[in-house]
>>> print(open('work-v1.csv').read())   # CSV, C-alpha atoms
chain,number,residue,atom,x,y,z
A,1,MET,CA,-3.3,-46.8,31.3
A,2,ASN,CA,-3.8,-44.0,33.9
A,3,LEU,CA,-5.2,-40.5,33.4
A,4,VAL,CA,-1.8,-38.8,33.0
A,5,GLU,CA,-0.8,-41.2,30.3
A,6,ALA,CA,-4.2,-40.8,28.5
A,7,PHE,CA,-3.9,-37.0,28.7
A,8,LEU,CA,-0.3,-37.1,27.4
A,9,LEU,CA,-1.1,-39.5,24.5
A,10,GLY,CA,-4.3,-37.6,23.6
A,11,ALA,CA,-2.3,-34.3,23.4
A,12,ILE,CA,0.4,-36.0,21.3
A,13,GLN,CA,-2.3,-37.3,18.9
A,14,GLY,CA,-4.1,-34.0,18.7
A,15,VAL,CA,-0.9,-32.0,17.9
A,16,THR,CA,0.9,-34.4,15.6
A,17,GLU,CA,-2.2,-35.6,13.6
A,18,TRP,CA,-2.4,-32.2,11.8
A,19,LEU,CA,1.2,-31.0,12.1
A,20,PRO,CA,3.2,-32.7,9.4
A,21,ILE,CA,5.3,-34.8,11.8
A,22,SER,CA,3.3,-38.1,12.0
A,23,SER,CA,0.9,-38.9,14.8
A,24,SER,CA,1.3,-42.6,14.4
A,25,GLY,CA,5.0,-42.3,14.6
A,26,HIS,CA,4.9,-40.2,17.7
A,27,LEU,CA,2.3,-42.5,19.3
A,28,VAL,CA,4.6,-45.5,18.7
A,29,LEU,CA,7.5,-43.7,20.4
A,30,ALA,CA,5.5,-42.5,23.3
A,31,GLN,CA,3.7,-45.8,23.9
A,32,SER,CA,7.0,-47.6,23.8
A,33,LEU,CA,8.6,-45.2,26.3
A,34,LEU,CA,5.5,-45.6,28.6
A,35,ASP,CA,5.7,-49.4,28.2
A,36,LEU,CA,2.0,-49.8,27.4
A,37,THR,CA,0.5,-53.1,26.3
A,38,SER,CA,-0.5,-53.7,22.6
A,39,SER,CA,-4.2,-54.2,23.5
A,40,GLU,CA,-4.2,-50.8,25.2
A,41,ASN,CA,-2.4,-49.2,22.2
A,42,LEU,CA,-4.8,-50.4,19.5
A,43,VAL,CA,-8.1,-49.3,21.0
A,44,PHE,CA,-6.7,-46.1,22.4
A,45,ASP,CA,-5.3,-45.2,19.0
A,46,LEU,CA,-8.8,-45.5,17.5
A,47,ILE,CA,-10.3,-43.4,20.2
A,48,VAL,CA,-7.8,-40.5,19.9
A,49,HIS,CA,-8.0,-40.6,16.1
A,50,LEU,CA,-11.8,-40.2,16.6
A,51,GLY,CA,-11.0,-37.1,18.6
A,52,THR,CA,-8.9,-35.6,15.8
A,53,LEU,CA,-11.5,-36.6,13.3
A,54,LEU,CA,-14.1,-34.6,15.3
A,55,ALA,CA,-11.7,-31.7,15.4
A,56,VAL,CA,-11.3,-31.4,11.6
A,57,CYS,CA,-15.1,-31.9,11.1
A,58,VAL,CA,-15.8,-29.0,13.5
A,59,TYR,CA,-13.1,-26.7,12.1
A,60,PHE,CA,-14.3,-27.3,8.5
A,61,SER,CA,-18.0,-27.9,9.3
A,62,LYS,CA,-19.2,-25.2,6.9
A,63,GLU,CA,-17.1,-26.5,4.0
A,64,LEU,CA,-18.1,-30.1,4.7
A,65,GLY,CA,-21.7,-29.2,5.0
A,66,ARG,CA,-21.8,-27.4,1.7
A,67,ILE,CA,-20.0,-30.3,0.0
A,68,ILE,CA,-22.4,-32.9,1.4
A,69,LEU,CA,-25.4,-30.7,0.4
A,70,ALA,CA,-24.0,-30.4,-3.1
A,71,MET,CA,-23.5,-34.1,-3.5
A,72,LEU,CA,-27.1,-34.8,-2.4
A,73,THR,CA,-28.7,-32.1,-4.5
A,74,LYS,CA,-30.3,-33.3,-7.7
A,75,LYS,CA,-28.8,-32.1,-11.0
A,76,GLU,CA,-31.7,-29.9,-12.0
A,77,LYS,CA,-31.5,-28.0,-8.7
A,78,ARG,CA,-27.7,-27.4,-8.7
A,79,ASP,CA,-26.2,-24.1,-9.8
A,80,ALA,CA,-22.5,-23.6,-10.9
A,81,GLN,CA,-21.3,-23.2,-7.3
A,82,LEU,CA,-23.0,-26.5,-6.2
A,83,ASP,CA,-21.6,-28.2,-9.3
A,84,ALA,CA,-18.1,-27.1,-8.3
A,85,LEU,CA,-18.6,-28.3,-4.7
A,86,ARG,CA,-20.0,-31.7,-6.0
A,87,THR,CA,-16.9,-32.1,-8.1
A,88,LEU,CA,-14.7,-31.3,-5.1
A,89,GLY,CA,-16.6,-34.0,-3.1
A,90,PHE,CA,-16.0,-36.5,-5.9
A,91,LEU,CA,-12.3,-35.6,-6.0
A,92,LEU,CA,-12.0,-36.1,-2.2
A,93,LEU,CA,-13.4,-39.6,-2.5
A,94,VAL,CA,-11.0,-40.3,-5.4
A,95,ALA,CA,-8.1,-39.2,-3.3
A,96,THR,CA,-9.2,-41.5,-0.5
A,97,VAL,CA,-9.0,-44.7,-2.7
A,98,PRO,CA,-5.2,-45.2,-2.8
A,99,ALA,CA,-4.9,-45.1,1.0
A,100,GLY,CA,-7.8,-47.5,1.4
A,101,VAL,CA,-6.3,-49.9,-1.0
A,102,ALA,CA,-2.9,-49.7,0.6
A,103,GLY,CA,-4.5,-50.2,4.0
A,104,LEU,CA,-6.3,-53.4,2.9
A,105,VAL,CA,-3.2,-54.8,1.0
A,106,LEU,CA,-0.8,-54.1,3.9
A,107,SER,CA,-3.2,-54.9,6.8
A,108,SER,CA,-1.4,-58.2,7.6
A,109,THR,CA,2.1,-56.8,7.5
A,110,ILE,CA,1.7,-53.2,8.7
A,111,GLU,CA,2.5,-54.2,12.3
A,112,ASP,CA,6.0,-54.9,11.2
A,113,PHE,CA,6.5,-51.1,10.8
A,114,PHE,CA,5.5,-50.4,14.4
A,115,GLY,CA,8.9,-50.3,16.0
A,116,ILE,CA,11.2,-47.5,17.3
A,117,ARG,CA,13.9,-48.3,14.7
A,118,ASN,CA,11.4,-48.2,11.7
A,119,VAL,CA,9.6,-45.1,13.0
A,120,GLY,CA,13.0,-43.4,13.4
A,121,ILE,CA,13.9,-44.1,9.8
A,122,ALA,CA,10.5,-43.1,8.5
A,123,LEU,CA,10.6,-39.8,10.4
A,124,ILE,CA,13.9,-38.9,8.8
A,125,VAL,CA,12.4,-39.7,5.4
A,126,ASN,CA,9.4,-37.6,6.3
A,127,GLY,CA,11.8,-34.7,7.2
A,128,PHE,CA,13.5,-34.9,3.8
A,129,LEU,CA,10.1,-35.0,2.0
A,130,LEU,CA,9.1,-31.8,3.7
A,131,PHE,CA,12.3,-30.2,2.5
A,132,VAL,CA,11.4,-31.3,-1.0
A,133,PHE,CA,7.9,-30.0,-0.8
A,134,SER,CA,9.1,-26.6,0.5
A,135,ARG,CA,11.8,-26.4,-2.2
A,136,TYR,CA,9.8,-27.5,-5.2
A,137,GLY,CA,6.2,-27.0,-4.4
A,138,SER,CA,5.9,-23.5,-2.9
A,139,SER,CA,5.2,-21.5,-6.0
A,140,GLY,CA,1.9,-23.1,-7.1
A,141,THR,CA,-1.0,-20.9,-8.3
A,142,LYS,CA,-3.8,-23.3,-9.1
A,143,ARG,CA,-7.0,-22.7,-7.1
A,144,ASN,CA,-8.8,-25.9,-8.1
A,145,ALA,CA,-7.8,-29.5,-8.1
A,146,THR,CA,-8.2,-31.8,-11.1
A,147,LEU,CA,-8.7,-35.6,-11.2
A,148,LYS,CA,-5.0,-36.1,-11.7
A,149,ASP,CA,-4.2,-33.9,-8.8
A,150,ALA,CA,-6.6,-35.9,-6.6
A,151,LEU,CA,-5.0,-39.2,-7.6
A,152,VAL,CA,-1.5,-37.9,-7.0
A,153,ILE,CA,-2.5,-36.5,-3.6
A,154,GLY,CA,-4.1,-39.9,-2.9
A,155,LEU,CA,-0.9,-41.7,-3.7
A,156,PHE,CA,1.0,-39.5,-1.4
A,157,GLN,CA,-1.6,-40.1,1.3
A,158,ALA,CA,-1.2,-43.9,0.8
A,159,ILE,CA,2.5,-43.8,1.8
A,160,SER,CA,1.5,-42.2,5.1
A,161,ILE,CA,0.2,-45.6,6.2
A,162,ILE,CA,3.8,-46.1,7.4
A,163,PRO,CA,4.2,-44.8,11.0
A,164,GLY,CA,6.6,-41.9,10.8
A,165,ILE,CA,5.3,-40.6,7.5
A,166,SER,CA,2.9,-37.7,8.0
A,167,ARG,CA,-0.5,-37.9,6.3
A,168,SER,CA,-1.0,-34.1,6.5
A,169,GLY,CA,2.5,-33.4,5.3
A,170,SER,CA,2.3,-35.9,2.4
A,171,THR,CA,-1.1,-34.8,1.2
A,172,ILE,CA,-0.3,-31.1,1.4
A,173,GLY,CA,3.1,-31.7,-0.2
A,174,GLY,CA,1.5,-33.7,-3.0
A,175,GLY,CA,-0.9,-30.9,-3.8
A,176,MET,CA,1.9,-28.3,-3.7
A,177,LEU,CA,4.0,-30.4,-6.2
A,178,ARG,CA,0.9,-30.5,-8.4
A,179,GLY,CA,0.9,-26.7,-8.6
A,180,LEU,CA,-1.9,-26.0,-6.1
A,181,GLU,CA,-1.6,-22.8,-4.0
A,182,ARG,CA,-0.2,-23.7,-0.6
A,183,GLU,CA,-3.4,-22.8,1.3
A,184,VAL,CA,-5.6,-24.6,-1.3
A,185,ALA,CA,-3.4,-27.7,-1.0
A,186,ALA,CA,-3.7,-27.5,2.8
A,187,VAL,CA,-7.5,-27.2,2.8
A,188,PHE,CA,-7.8,-30.1,0.4
A,189,ALA,CA,-5.5,-32.2,2.6
A,190,PHE,CA,-7.7,-31.5,5.7
A,191,LEU,CA,-10.9,-32.3,3.8
A,192,VAL,CA,-9.6,-35.5,2.4
A,193,SER,CA,-8.6,-36.7,5.8
A,194,VAL,CA,-12.3,-36.9,6.8
A,195,PRO,CA,-13.3,-39.9,4.6
A,196,THR,CA,-9.9,-41.4,5.2
A,197,LEU,CA,-10.1,-41.3,8.9
A,198,VAL,CA,-13.8,-42.5,8.9
A,199,GLY,CA,-12.7,-45.5,6.9
A,200,ALA,CA,-9.6,-46.2,9.0
A,201,ILE,CA,-11.5,-45.9,12.3
A,202,GLY,CA,-14.4,-48.0,11.0
A,203,TYR,CA,-12.1,-50.7,9.7
A,204,GLY,CA,-10.1,-50.7,12.9
A,205,ALA,CA,-13.2,-51.0,15.1
A,206,LEU,CA,-14.6,-53.9,13.0
A,207,THR,CA,-11.4,-55.9,13.0
A,208,LEU,CA,-10.5,-55.3,16.7
A,209,ASP,CA,-10.5,-58.7,18.4
A,210,SER,CA,-10.3,-57.5,22.0
A,211,TYR,CA,-9.4,-54.5,24.1
A,212,ASP,CA,-8.4,-53.6,27.6
A,213,LEU,CA,-8.8,-49.9,28.4
A,214,ASP,CA,-10.3,-47.8,31.2
A,215,MET,CA,-13.3,-45.8,29.9
A,216,ILE,CA,-12.4,-42.7,31.9
A,217,ALA,CA,-8.9,-42.7,30.4
A,218,ALA,CA,-10.4,-43.2,26.9
A,219,ILE,CA,-12.7,-40.3,27.2
A,220,THR,CA,-9.9,-38.1,28.6
A,221,GLY,CA,-7.7,-39.0,25.6
A,222,LEU,CA,-10.6,-38.3,23.2
A,223,PHE,CA,-11.4,-34.8,24.5
A,224,VAL,CA,-7.7,-33.8,24.8
A,225,ALA,CA,-7.1,-35.0,21.2
A,226,PHE,CA,-10.1,-33.0,20.0
A,227,ALA,CA,-9.1,-29.8,21.8
A,228,THR,CA,-5.4,-29.9,20.8
A,229,GLY,CA,-6.4,-31.0,17.3
A,230,LEU,CA,-8.4,-27.8,16.8
A,231,ILE,CA,-5.4,-25.7,17.8
A,232,SER,CA,-2.9,-27.6,15.7
A,233,ILE,CA,-5.1,-27.2,12.5
A,234,GLN,CA,-5.0,-23.5,12.9
A,235,TYR,CA,-1.3,-23.5,13.7
A,236,LEU,CA,-0.4,-25.6,10.6
A,237,LEU,CA,-2.5,-23.4,8.3
A,238,LYS,CA,-0.4,-20.4,9.4
A,239,PHE,CA,2.9,-22.2,8.8
A,240,VAL,CA,1.7,-23.4,5.3
A,241,LYS,CA,0.7,-19.8,4.4
A,242,LYS,CA,4.2,-18.6,5.3
A,243,GLY,CA,5.8,-21.5,3.4
A,244,ARG,CA,7.6,-22.9,6.4
A,245,LEU,CA,7.0,-26.7,6.1
A,246,TRP,CA,10.8,-27.1,6.2
A,247,VAL,CA,10.8,-26.2,9.9
A,248,PHE,CA,8.9,-29.4,10.6
A,249,GLY,CA,11.4,-31.3,8.4
A,250,VAL,CA,14.2,-30.3,10.7
A,251,TYR,CA,12.2,-31.4,13.7
A,252,CYS,CA,11.4,-34.8,12.1
A,253,ILE,CA,15.0,-35.5,11.3
A,254,VAL,CA,16.2,-34.7,14.8
A,255,VAL,CA,13.5,-36.9,16.4
A,256,GLY,CA,14.2,-39.7,14.0
A,257,LEU,CA,18.0,-39.6,14.8
A,258,LEU,CA,17.2,-39.6,18.5
A,259,ALA,CA,14.9,-42.6,18.1
A,260,LEU,CA,17.7,-44.5,16.2
A,261,ALA,CA,20.2,-43.5,18.9
A,262,PHE,CA,17.9,-44.9,21.5
A,263,VAL,CA,17.6,-48.2,19.8
A,264,TYR,CA,21.4,-48.6,19.1
>>> encode(input="work-v1.csv", output="structure tokens")
Amino acid sequence: MNLVEAFLLGAIQGVTEWLPISSSGHLVLAQSLLDLTSSENLVFDLIVHLGTLLAVCVYFSKELGRIILAMLTKKEKRDAQLDALRTLGFLLLVATVPAGVAGLVLSSTIEDFFGIRNVGIALIVNGFLLFVFSRYGSSGTKRNATLKDALVIGLFQAISIIPGISRSGSTIGGGMLRGLEREVAAVFAFLVSVPTLVGAIGYGALTLDSYDLDMIAAITGLFVAFATGLISIQYLLKFVKKGRLWVFGVYCIVVGLLALAFVY
């Protein structure tokens, strides 16, 4: 992998991780078109995902810091605000469980989904899901998530293990369908991505048998993914606020159809 390819793939990861268009699906398509080897793909995917994890941690550093502080504070020293933040932290962990279970159960078969044809189909499905979320989940008024909300959001996140199904789109949409305000659903989705990405990156690193990647290319991909990830988070929040998730649905359907046309 050369520096140009690392820069391009890092940018694709940074943009598509947070926009509801599936980073894993876009990486599969890009890596197939660039004809990169599987050993390069696996380790590079972990590195650029680390870049976008750092991006969301930096963007929401204040919120994450307050949640962690609340969860570590003893009961007798917590006020109502810290109690609410501790509850939110617990709900974020609950919402992470379904994706973790799905990842472990499907770990031996998930590679079967990594192909242009399957990604094309999944992108089309993702596009229609975004239309559903926009149509039926845009009028929510709830400001706080409940345990049931967290479980539903977690189940939506679990299906995003399939390349082509967006994690951010699924979790935001799941929250919207549960009646959360659009912005509240978006922030919850970003926050829940942190423990999910930490677990996924950690598991991937522990189970990686071997790798073949230039360190300069890896560092380039990481920093590009980090920088573009920060920008795409802000961009998505503006689109969610305006209720325009359907725009990304159109994009996903078009790209999915193009991927299928390429295969056939």
>>> closest_residue(input="work-v1.csv", among="A:Ala158, A:Met1, A:Leu180, A:Val43", to="Val105 of chain A", atoms="all atoms listed in the file")
A:Ala158
>>> residues_around(input="work-v1.csv", residues="Phe90 of chain A", least_positions_apart="2", cutoff="12 Å", atoms="all atoms listed in the file", output="MDAnalysis selection string")
chainID A and resid 67:68 70:72 83:88 92:97 145:147 150:151 191:192 195
>>> write_last_selection(input="work-v1.csv", atoms="C-alpha atoms", output="compact mmCIF listing (two decimals), keeping the file's coordinate frame")
# COMPACT_ATOMS: atom_id res chain seq x y z
CA ILE A 67 -20.00 -30.30 0.00
CA ILE A 68 -22.40 -32.90 1.40
CA ALA A 70 -24.00 -30.40 -3.10
CA MET A 71 -23.50 -34.10 -3.50
CA LEU A 72 -27.10 -34.80 -2.40
CA ASP A 83 -21.60 -28.20 -9.30
CA ALA A 84 -18.10 -27.10 -8.30
CA LEU A 85 -18.60 -28.30 -4.70
CA ARG A 86 -20.00 -31.70 -6.00
CA THR A 87 -16.90 -32.10 -8.10
CA LEU A 88 -14.70 -31.30 -5.10
CA LEU A 92 -12.00 -36.10 -2.20
CA LEU A 93 -13.40 -39.60 -2.50
CA VAL A 94 -11.00 -40.30 -5.40
CA ALA A 95 -8.10 -39.20 -3.30
CA THR A 96 -9.20 -41.50 -0.50
CA VAL A 97 -9.00 -44.70 -2.70
CA ALA A 145 -7.80 -29.50 -8.10
CA THR A 146 -8.20 -31.80 -11.10
CA LEU A 147 -8.70 -35.60 -11.20
CA ALA A 150 -6.60 -35.90 -6.60
CA LEU A 151 -5.00 -39.20 -7.60
CA LEU A 191 -10.90 -32.30 3.80
CA VAL A 192 -9.60 -35.50 2.40
CA PRO A 195 -13.30 -39.90 4.60
>>> residues_around(input="work-v1.csv", residues="Val58 of chain A", least_positions_apart="2", cutoff="12 Å", atoms="only C-alpha atoms", output="number ranges by chain")
A: 51-56, 60-65, 190-191, 194, 226-227, 229-231, 233
>>> atom_distance(input="work-v1.csv", atom1="atom CA of Ser24 of chain A", atom2="atom CA of Ala122 of chain A")
10.9 Å
>>> atom_distance(input="work-v1.csv", atom1="atom CA of Met176 of chain A", atom2="atom CA of Val250 of chain A")
19.0 Å
>>> residues_around(input="work-v1.csv", residues="Asp149 of chain A", least_positions_apart="5", cutoff="12 Å", atoms="all atoms listed in the file", output="ChimeraX atom specification")
/A:88,91-92,94-95,142-144,154-156,171-180,185,188-189
>>> closest_residue(input="work-v1.csv", among="A:Val119, A:Val263, A:Leu258, A:Leu237", to="Trp18 of chain A", atoms="all atoms listed in the file")
A:Leu237
>>> decode(input="work-v1.csv", residues="segment 138-149 of chain A", atoms="N, CA and C atoms", output="PDB file, in the first residue's frame")
ATOM      1  N   SER A 138     -38.866  11.181  12.634  1.00  0.00           N
ATOM      2  CA  SER A 138     -38.399  12.572  12.667  1.00  0.00           C
ATOM      3  C   SER A 138     -39.149  13.467  13.637  1.00  0.00           C
ATOM      4  N   SER A 139     -40.167  12.949  14.296  1.00  0.00           N
ATOM      5  CA  SER A 139     -40.991  13.815  15.148  1.00  0.00           C
ATOM      6  C   SER A 139     -40.840  13.498  16.636  1.00  0.00           C
ATOM      7  N   GLY A 140     -39.763  12.823  17.009  1.00  0.00           N
ATOM      8  CA  GLY A 140     -39.568  12.473  18.416  1.00  0.00           C
ATOM      9  C   GLY A 140     -39.325  13.682  19.297  1.00  0.00           C
ATOM     10  N   THR A 141     -39.717  13.578  20.558  1.00  0.00           N
ATOM     11  CA  THR A 141     -39.575  14.696  21.496  1.00  0.00           C
ATOM     12  C   THR A 141     -38.855  14.298  22.784  1.00  0.00           C
ATOM     13  N   LYS A 142     -38.542  13.022  22.958  1.00  0.00           N
ATOM     14  CA  LYS A 142     -37.901  12.565  24.190  1.00  0.00           C
ATOM     15  C   LYS A 142     -36.473  13.094  24.288  1.00  0.00           C
ATOM     16  N   ARG A 143     -36.103  13.566  25.464  1.00  0.00           N
ATOM     17  CA  ARG A 143     -34.758  14.110  25.687  1.00  0.00           C
ATOM     18  C   ARG A 143     -33.830  13.120  26.381  1.00  0.00           C
ATOM     19  N   ASN A 144     -34.409  12.062  26.944  1.00  0.00           N
ATOM     20  CA  ASN A 144     -33.600  11.084  27.676  1.00  0.00           C
ATOM     21  C   ASN A 144     -33.959   9.665  27.234  1.00  0.00           C
ATOM     22  N   ALA A 145     -32.941   8.839  27.079  1.00  0.00           N
ATOM     23  CA  ALA A 145     -33.157   7.457  26.678  1.00  0.00           C
ATOM     24  C   ALA A 145     -33.495   6.589  27.883  1.00  0.00           C
ATOM     25  N   THR A 146     -34.258   5.536  27.649  1.00  0.00           N
ATOM     26  CA  THR A 146     -34.592   4.564  28.677  1.00  0.00           C
ATOM     27  C   THR A 146     -33.831   3.262  28.399  1.00  0.00           C
ATOM     28  N   LEU A 147     -33.992   2.296  29.293  1.00  0.00           N
ATOM     29  CA  LEU A 147     -33.345   1.004  29.109  1.00  0.00           C
ATOM     30  C   LEU A 147     -33.831   0.335  27.821  1.00  0.00           C
ATOM     31  N   LYS A 148     -35.138   0.386  27.571  1.00  0.00           N
ATOM     32  CA  LYS A 148     -35.676  -0.201  26.356  1.00  0.00           C
ATOM     33  C   LYS A 148     -35.123   0.511  25.119  1.00  0.00           C
ATOM     34  N   ASP A 149     -34.995   1.832  25.189  1.00  0.00           N
ATOM     35  CA  ASP A 149     -34.416   2.582  24.072  1.00  0.00           C
ATOM     36  C   ASP A 149     -32.996   2.098  23.783  1.00  0.00           C
TER      37      ASP A 149
END
